[in-house]
Every structure is written in C-alpha cells, then in structure tokens.
Amino acid sequence: MDIAPHLKGVTLSAMIKYCDMGVDRTTIQLDFEKNGRVPEIGSRPCHFHTREGLRVTSLKQLVQLARDAPIPGQCTEEERNVDGTCGTDKVSEGGRRELHLYAVQMSRNFIFAPKYVGEIFELPHVKVPQNLPVWLEVISLKPRVFDVFNFFDREESAAIVEKAIKETSETHRIKRSSTGASGYNVNSQRTSENGFDTHGKQAQAVKRRCMDVLGFDMYEESLTDGLQVLRYNKTTAYIPHLDWIDDYQKQQEHDFDTEHLGSNRFATILLYMSDLEEGAGGETVFSHGWPPKQLEEDRVQ
C-alpha cells in the first residue's frame, strides 16, 4: 500500500493510511474542502457508502440506516419480490440486521462490489417516475455489468427520442457517429448515428438519476457527458470497444490518465428506447463478460 509522503514515519492506523493517497494521487473532487482533514493528524479522510452506494453524511443518517438494515435471508429467483427482495417468510427468524459500509478514498468514486452473478442491489434512494422500486442485478463480475430495473419509463423515452429527432443544431443533431476526445472523427468501426441532449428537461432528470445510481451525492454537469441518443438500423453497428477516452491527437488539456491526478469515464449507463422481438437484433454484447456456464459455441461471434 502506498503511503502519502507527508504521513510517512507517523504511527497511523491502516485506515488512515488507506484514505490519504497523497497530493500526487488525490484529485480535487466536488466536496474536497468540505471534507476537511482528520484532527491532529491532518490527513485526508475517506467517504463512506452503503453497499448500495448511498453516501453516509451524518451520524443521524447512519443510525437510521442501521435501524432499517435488512435481516439476511435467502430465496430463489421465483420467490423474489418485484423489488428484488426476498419474501418475508424467507427472512431468518431472530437474525441480526446487517449494514455493510464501504470506505472510499477521498479522490476516488464508490464502486459496487458484487460477489456473484444474480446478486441484487436495492436502490430505494433513487427516485423515479411513479415511485417504482429501482434495483440492480449483477449479470457479470468481470467486467462489472448490471441490469437496471425501473430506471426510466416510456414517457421519458418518447420525449427524449422526439427531442433528438427535432434537434437541428450541428453539434447536437442526429448524424453519423464519431469517436475520440476532440473534434468530429468518423470511424469505419462505428457506423451508427447519434445526437446529444445536454440540457433538455428529461435528459437532465435522467442524468441526475444516473449520478444517484452511481453513488454521487452531488450533481456536477461537468462530470457528465451529454445524453447521447443513438440510432441503429439493420446495417449499422459499433464493434467491440472501450468507453475509456483516449486523446490520440493530444488536442485536449485534460489529463485522462487516472493512475495519478487524471480522470476518465467512470461508468456507462445504457438505456434502450425501443424493444425488439427475440432474435430480431439490437443486442449489446460484452465480449469479455459471457454468462456463467454458457457454452462457447453459443456466444455471439
């Protein structure tokens, strides 16, 4: 474990050493000054999140979370409630409530820590239209891929699509998709069309919801991409790729290397605006995240 230079030689707990990564690796997040320093030591503290990503910001909140924490139980997929939880008859009698907390270094973001495919993460802190329950189901551990349930509704979808189709500005209208961190670079490996919705009412609501799902307790526009609206037909596609940003032409002043002080895309949330019949196409394939026990000959080539 690397220790921040200003803490070397000082007797510290493992937690203190873990939380403060030093000035060479500590990016300035939105609440950097608000978090302050650990008294007497002067090191930077961690921030803490529940297993579901909700950030803990007060002792009062922590107490309430402990009181509301579930009692572990087990159930089959058929016995699971609509919100992903087990039925009350499956909760262990006399069991202890469990609250799992995760310490996150100040300059880093919360990341879900799934243990197995099929694991459920309930997200009651994420609010959606009609107040439906939102949850994640793990469909791959490496890479980490989740299925998100009840994240948005058909009315939001229709409004976003309609606005994208009507957009006329050159920077935001639907046109041949491009790649790269800067400029308009057509790539033969990406033949879809796309447009951007950065400040529309529905786009803003969805973007803020995305940040809630990812464990951010503050919204900052500069940390998000515009809502990218893509259109594929039967002859267009985007071959396997990383959503990580590389600036090959070095035209951006931004540092995309996250090993030290840079930042890059942290997560991608895909929303499907239309539905197709089984076998009609339209799949998103994670080429390194095949379902467990799936035969190799059954994989999409």
# chains A, B, ... in the order shown; residues from 1 in each chain; ligands from 1
call {"tool": "select_by_dssp", "arguments": {"residues": "region 82-218 of chain A", "states": "alpha helix (DSSP H)", "output": "list in words"}}
result
Arg154, Glu155, Glu156, Ser157, Ala158, Ala159, Ile160, Val161, Glu162, Lys163, Ala164, Ile165, Lys166, Lys201, Gln202, Ala203, Gln204, Ala205, Val206, Lys207, Arg208, Arg209, Cys210, Met211, Asp212 and Val213 of chain A
call {"tool": "closest_atom_pairs", "arguments": {"of": "region 173-255 of chain A", "to": "region 18-37 of chain A", "cutoff": "10 Å", "atoms": "only C-alpha atoms", "output": "tab-separated table"}}
result
residue	atom	partner	partner_atom	distance
A:Asp217	CA	A:Asp31	CA	9.9
A:Met218	CA	A:Leu30	CA	7.7
A:Tyr219	CA	A:Leu30	CA	9.0
A:Glu220	CA	A:Leu30	CA	7.9
A:Leu223	CA	A:Leu30	CA	9.9
call {"tool": "atom_distance", "arguments": {"atom1": "CA of Val213 (chain A)", "atom2": "CA of Glu52 (chain A)"}}
result
8.5 Å
call {"tool": "closest_residue", "arguments": {"among": "A:Glu296, A:Leu101, A:Gly262, A:Pro291", "to": "Gly118 (chain A)", "atoms": "only C-alpha atoms"}}
result
A:Pro291
call {"tool": "closest_residue", "arguments": {"among": "A:Lys127, A:Lys115, A:Arg67, A:Glu40", "to": "Met211 (chain A)", "atoms": "only C-alpha atoms"}}
result
A:Lys127
call {"tool": "decode", "arguments": {"residues": "region 19-67 of chain A", "atoms": "N, CA and C atoms", "output": "PDB file, in the first residue's frame"}}
result
ATOM      1  N   CYS A  19      -6.875   5.895   3.392  1.00  0.00           N
ATOM      2  CA  CYS A  19      -7.721   7.002   2.945  1.00  0.00           C
ATOM      3  C   CYS A  19      -6.946   8.114   2.255  1.00  0.00           C
ATOM      4  N   ASP A  20      -5.759   8.452   2.757  1.00  0.00           N
ATOM      5  CA  ASP A  20      -4.988   9.567   2.200  1.00  0.00           C
ATOM      6  C   ASP A  20      -3.958   9.034   1.214  1.00  0.00           C
ATOM      7  N   MET A  21      -4.161   9.335  -0.067  1.00  0.00           N
ATOM      8  CA  MET A  21      -3.282   8.822  -1.117  1.00  0.00           C
ATOM      9  C   MET A  21      -2.129   9.767  -1.441  1.00  0.00           C
ATOM     10  N   GLY A  22      -2.106  10.936  -0.804  1.00  0.00           N
ATOM     11  CA  GLY A  22      -1.056  11.900  -1.076  1.00  0.00           C
ATOM     12  C   GLY A  22      -1.399  12.842  -2.215  1.00  0.00           C
ATOM     13  N   VAL A  23      -0.713  13.977  -2.275  1.00  0.00           N
ATOM     14  CA  VAL A  23      -1.058  15.019  -3.242  1.00  0.00           C
ATOM     15  C   VAL A  23      -0.851  14.579  -4.687  1.00  0.00           C
ATOM     16  N   ASP A  24       0.035  13.620  -4.919  1.00  0.00           N
ATOM     17  CA  ASP A  24       0.320  13.186  -6.280  1.00  0.00           C
ATOM     18  C   ASP A  24      -0.768  12.286  -6.843  1.00  0.00           C
ATOM     19  N   ARG A  25      -1.670  11.809  -5.977  1.00  0.00           N
ATOM     20  CA  ARG A  25      -2.708  10.905  -6.446  1.00  0.00           C
ATOM     21  C   ARG A  25      -4.100  11.301  -5.958  1.00  0.00           C
ATOM     22  N   THR A  26      -4.210  12.482  -5.393  1.00  0.00           N
ATOM     23  CA  THR A  26      -5.504  12.928  -4.871  1.00  0.00           C
ATOM     24  C   THR A  26      -6.090  14.004  -5.772  1.00  0.00           C
ATOM     25  N   THR A  27      -7.081  13.631  -6.556  1.00  0.00           N
ATOM     26  CA  THR A  27      -7.757  14.606  -7.412  1.00  0.00           C
ATOM     27  C   THR A  27      -8.701  15.450  -6.564  1.00  0.00           C
ATOM     28  N   ILE A  28      -8.984  16.643  -7.024  1.00  0.00           N
ATOM     29  CA  ILE A  28      -9.847  17.566  -6.283  1.00  0.00           C
ATOM     30  C   ILE A  28     -11.297  17.288  -6.650  1.00  0.00           C
ATOM     31  N   GLN A  29     -12.023  16.593  -5.782  1.00  0.00           N
ATOM     32  CA  GLN A  29     -13.425  16.298  -6.015  1.00  0.00           C
ATOM     33  C   GLN A  29     -14.294  17.468  -5.553  1.00  0.00           C
ATOM     34  N   LEU A  30     -15.606  17.368  -5.816  1.00  0.00           N
ATOM     35  CA  LEU A  30     -16.519  18.479  -5.541  1.00  0.00           C
ATOM     36  C   LEU A  30     -16.516  18.885  -4.078  1.00  0.00           C
ATOM     37  N   ASP A  31     -16.409  17.911  -3.173  1.00  0.00           N
ATOM     38  CA  ASP A  31     -16.524  18.206  -1.747  1.00  0.00           C
ATOM     39  C   ASP A  31     -15.160  18.161  -1.046  1.00  0.00           C
ATOM     40  N   PHE A  32     -14.107  18.447  -1.788  1.00  0.00           N
ATOM     41  CA  PHE A  32     -12.752  18.311  -1.258  1.00  0.00           C
ATOM     42  C   PHE A  32     -12.553  19.134   0.020  1.00  0.00           C
ATOM     43  N   GLU A  33     -12.863  20.418  -0.040  1.00  0.00           N
ATOM     44  CA  GLU A  33     -12.646  21.281   1.118  1.00  0.00           C
ATOM     45  C   GLU A  33     -13.660  20.998   2.229  1.00  0.00           C
ATOM     46  N   LYS A  34     -14.852  20.622   1.835  1.00  0.00           N
ATOM     47  CA  LYS A  34     -15.911  20.330   2.799  1.00  0.00           C
ATOM     48  C   LYS A  34     -15.540  19.148   3.704  1.00  0.00           C
ATOM     49  N   ASN A  35     -14.797  18.194   3.153  1.00  0.00           N
ATOM     50  CA  ASN A  35     -14.420  17.015   3.933  1.00  0.00           C
ATOM     51  C   ASN A  35     -13.364  17.315   4.990  1.00  0.00           C
ATOM     52  N   GLY A  36     -12.595  18.365   4.763  1.00  0.00           N
ATOM     53  CA  GLY A  36     -11.606  18.756   5.755  1.00  0.00           C
ATOM     54  C   GLY A  36     -10.493  17.740   5.938  1.00  0.00           C
ATOM     55  N   ARG A  37      -9.966  17.694   7.159  1.00  0.00           N
ATOM     56  CA  ARG A  37      -8.862  16.797   7.490  1.00  0.00           C
ATOM     57  C   ARG A  37      -9.131  16.089   8.813  1.00  0.00           C
ATOM     58  N   VAL A  38      -8.423  14.984   9.024  1.00  0.00           N
ATOM     59  CA  VAL A  38      -8.535  14.256  10.280  1.00  0.00           C
ATOM     60  C   VAL A  38      -7.858  15.079  11.370  1.00  0.00           C
ATOM     61  N   PRO A  39      -8.554  15.383  12.486  1.00  0.00           N
ATOM     62  CA  PRO A  39      -7.973  16.203  13.553  1.00  0.00           C
ATOM     63  C   PRO A  39      -6.643  15.648  14.060  1.00  0.00           C
ATOM     64  N   GLU A  40      -5.729  16.564  14.375  1.00  0.00           N
ATOM     65  CA  GLU A  40      -4.409  16.288  14.941  1.00  0.00           C
ATOM     66  C   GLU A  40      -3.442  15.649  13.929  1.00  0.00           C
ATOM     67  N   ILE A  41      -3.950  14.817  13.036  1.00  0.00           N
ATOM     68  CA  ILE A  41      -3.079  14.157  12.067  1.00  0.00           C
ATOM     69  C   ILE A  41      -2.932  14.986  10.799  1.00  0.00           C
ATOM     70  N   GLY A  42      -4.044  15.588  10.363  1.00  0.00           N
ATOM     71  CA  GLY A  42      -4.016  16.433   9.175  1.00  0.00           C
ATOM     72  C   GLY A  42      -4.164  15.676   7.873  1.00  0.00           C
ATOM     73  N   SER A  43      -4.451  14.385   7.937  1.00  0.00           N
ATOM     74  CA  SER A  43      -4.603  13.602   6.708  1.00  0.00           C
ATOM     75  C   SER A  43      -6.011  13.770   6.145  1.00  0.00           C
ATOM     76  N   ARG A  44      -6.195  13.359   4.902  1.00  0.00           N
ATOM     77  CA  ARG A  44      -7.494  13.431   4.253  1.00  0.00           C
ATOM     78  C   ARG A  44      -8.316  12.186   4.595  1.00  0.00           C
ATOM     79  N   PRO A  45      -9.594  12.360   4.949  1.00  0.00           N
ATOM     80  CA  PRO A  45     -10.428  11.214   5.336  1.00  0.00           C
ATOM     81  C   PRO A  45     -11.055  10.517   4.138  1.00  0.00           C
ATOM     82  N   CYS A  46     -11.542   9.321   4.377  1.00  0.00           N
ATOM     83  CA  CYS A  46     -12.342   8.618   3.382  1.00  0.00           C
ATOM     84  C   CYS A  46     -13.772   9.153   3.405  1.00  0.00           C
ATOM     85  N   HIS A  47     -14.562   8.809   2.385  1.00  0.00           N
ATOM     86  CA  HIS A  47     -16.011   8.975   2.486  1.00  0.00           C
ATOM     87  C   HIS A  47     -16.615   7.580   2.494  1.00  0.00           C
ATOM     88  N   PHE A  48     -17.784   7.437   3.098  1.00  0.00           N
ATOM     89  CA  PHE A  48     -18.363   6.125   3.342  1.00  0.00           C
ATOM     90  C   PHE A  48     -19.715   5.977   2.653  1.00  0.00           C
ATOM     91  N   HIS A  49     -19.921   4.785   2.098  1.00  0.00           N
ATOM     92  CA  HIS A  49     -21.145   4.491   1.370  1.00  0.00           C
ATOM     93  C   HIS A  49     -21.713   3.155   1.840  1.00  0.00           C
ATOM     94  N   THR A  50     -23.013   3.015   1.702  1.00  0.00           N
ATOM     95  CA  THR A  50     -23.620   1.722   1.953  1.00  0.00           C
ATOM     96  C   THR A  50     -23.294   0.786   0.791  1.00  0.00           C
ATOM     97  N   ARG A  51     -23.607  -0.470   0.961  1.00  0.00           N
ATOM     98  CA  ARG A  51     -23.406  -1.463  -0.103  1.00  0.00           C
ATOM     99  C   ARG A  51     -24.093  -1.038  -1.384  1.00  0.00           C
ATOM    100  N   GLU A  52     -25.200  -0.290  -1.263  1.00  0.00           N
ATOM    101  CA  GLU A  52     -25.984   0.141  -2.416  1.00  0.00           C
ATOM    102  C   GLU A  52     -25.546   1.483  -2.974  1.00  0.00           C
ATOM    103  N   GLY A  53     -24.477   2.059  -2.428  1.00  0.00           N
ATOM    104  CA  GLY A  53     -23.923   3.286  -2.979  1.00  0.00           C
ATOM    105  C   GLY A  53     -24.354   4.573  -2.307  1.00  0.00           C
ATOM    106  N   LEU A  54     -25.312   4.516  -1.396  1.00  0.00           N
ATOM    107  CA  LEU A  54     -25.772   5.735  -0.723  1.00  0.00           C
ATOM    108  C   LEU A  54     -24.673   6.268   0.178  1.00  0.00           C
ATOM    109  N   ARG A  55     -24.332   7.536   0.001  1.00  0.00           N
ATOM    110  CA  ARG A  55     -23.260   8.122   0.816  1.00  0.00           C
ATOM    111  C   ARG A  55     -23.772   8.484   2.202  1.00  0.00           C
ATOM    112  N   VAL A  56     -22.988   8.134   3.223  1.00  0.00           N
ATOM    113  CA  VAL A  56     -23.338   8.439   4.613  1.00  0.00           C
ATOM    114  C   VAL A  56     -22.699   9.770   4.978  1.00  0.00           C
ATOM    115  N   THR A  57     -23.519  10.738   5.327  1.00  0.00           N
ATOM    116  CA  THR A  57     -23.006  12.093   5.577  1.00  0.00           C
ATOM    117  C   THR A  57     -23.243  12.596   6.993  1.00  0.00           C
ATOM    118  N   SER A  58     -23.910  11.806   7.838  1.00  0.00           N
ATOM    119  CA  SER A  58     -24.145  12.256   9.209  1.00  0.00           C
ATOM    120  C   SER A  58     -24.359  11.058  10.126  1.00  0.00           C
ATOM    121  N   LEU A  59     -24.125  11.264  11.416  1.00  0.00           N
ATOM    122  CA  LEU A  59     -24.345  10.203  12.399  1.00  0.00           C
ATOM    123  C   LEU A  59     -25.824   9.858  12.479  1.00  0.00           C
ATOM    124  N   LYS A  60     -26.689  10.854  12.373  1.00  0.00           N
ATOM    125  CA  LYS A  60     -28.130  10.622  12.408  1.00  0.00           C
ATOM    126  C   LYS A  60     -28.553   9.705  11.262  1.00  0.00           C
ATOM    127  N   GLN A  61     -28.015   9.958  10.078  1.00  0.00           N
ATOM    128  CA  GLN A  61     -28.330   9.123   8.924  1.00  0.00           C
ATOM    129  C   GLN A  61     -27.827   7.701   9.137  1.00  0.00           C
ATOM    130  N   LEU A  62     -26.627   7.568   9.696  1.00  0.00           N
ATOM    131  CA  LEU A  62     -26.042   6.250   9.933  1.00  0.00           C
ATOM    132  C   LEU A  62     -26.902   5.436  10.899  1.00  0.00           C
ATOM    133  N   VAL A  63     -27.391   6.086  11.946  1.00  0.00           N
ATOM    134  CA  VAL A  63     -28.245   5.403  12.926  1.00  0.00           C
ATOM    135  C   VAL A  63     -29.526   4.906  12.263  1.00  0.00           C
ATOM    136  N   GLN A  64     -30.126   5.753  11.417  1.00  0.00           N
ATOM    137  CA  GLN A  64     -31.362   5.361  10.745  1.00  0.00           C
ATOM    138  C   GLN A  64     -31.117   4.210   9.772  1.00  0.00           C
ATOM    139  N   LEU A  65     -29.985   4.257   9.075  1.00  0.00           N
ATOM    140  CA  LEU A  65     -29.651   3.179   8.151  1.00  0.00           C
ATOM    141  C   LEU A  65     -29.476   1.859   8.896  1.00  0.00           C
ATOM    142  N   ALA A  66     -28.857   1.916  10.089  1.00  0.00           N
ATOM    143  CA  ALA A  66     -28.666   0.708  10.889  1.00  0.00           C
ATOM    144  C   ALA A  66     -30.006   0.144  11.346  1.00  0.00           C
ATOM    145  N   ARG A  67     -30.926   1.032  11.715  1.00  0.00           N
ATOM    146  CA  ARG A  67     -32.247   0.580  12.158  1.00  0.00           C
ATOM    147  C   ARG A  67     -33.050  -0.043  11.018  1.00  0.00           C
TER     148      ARG A  67
END
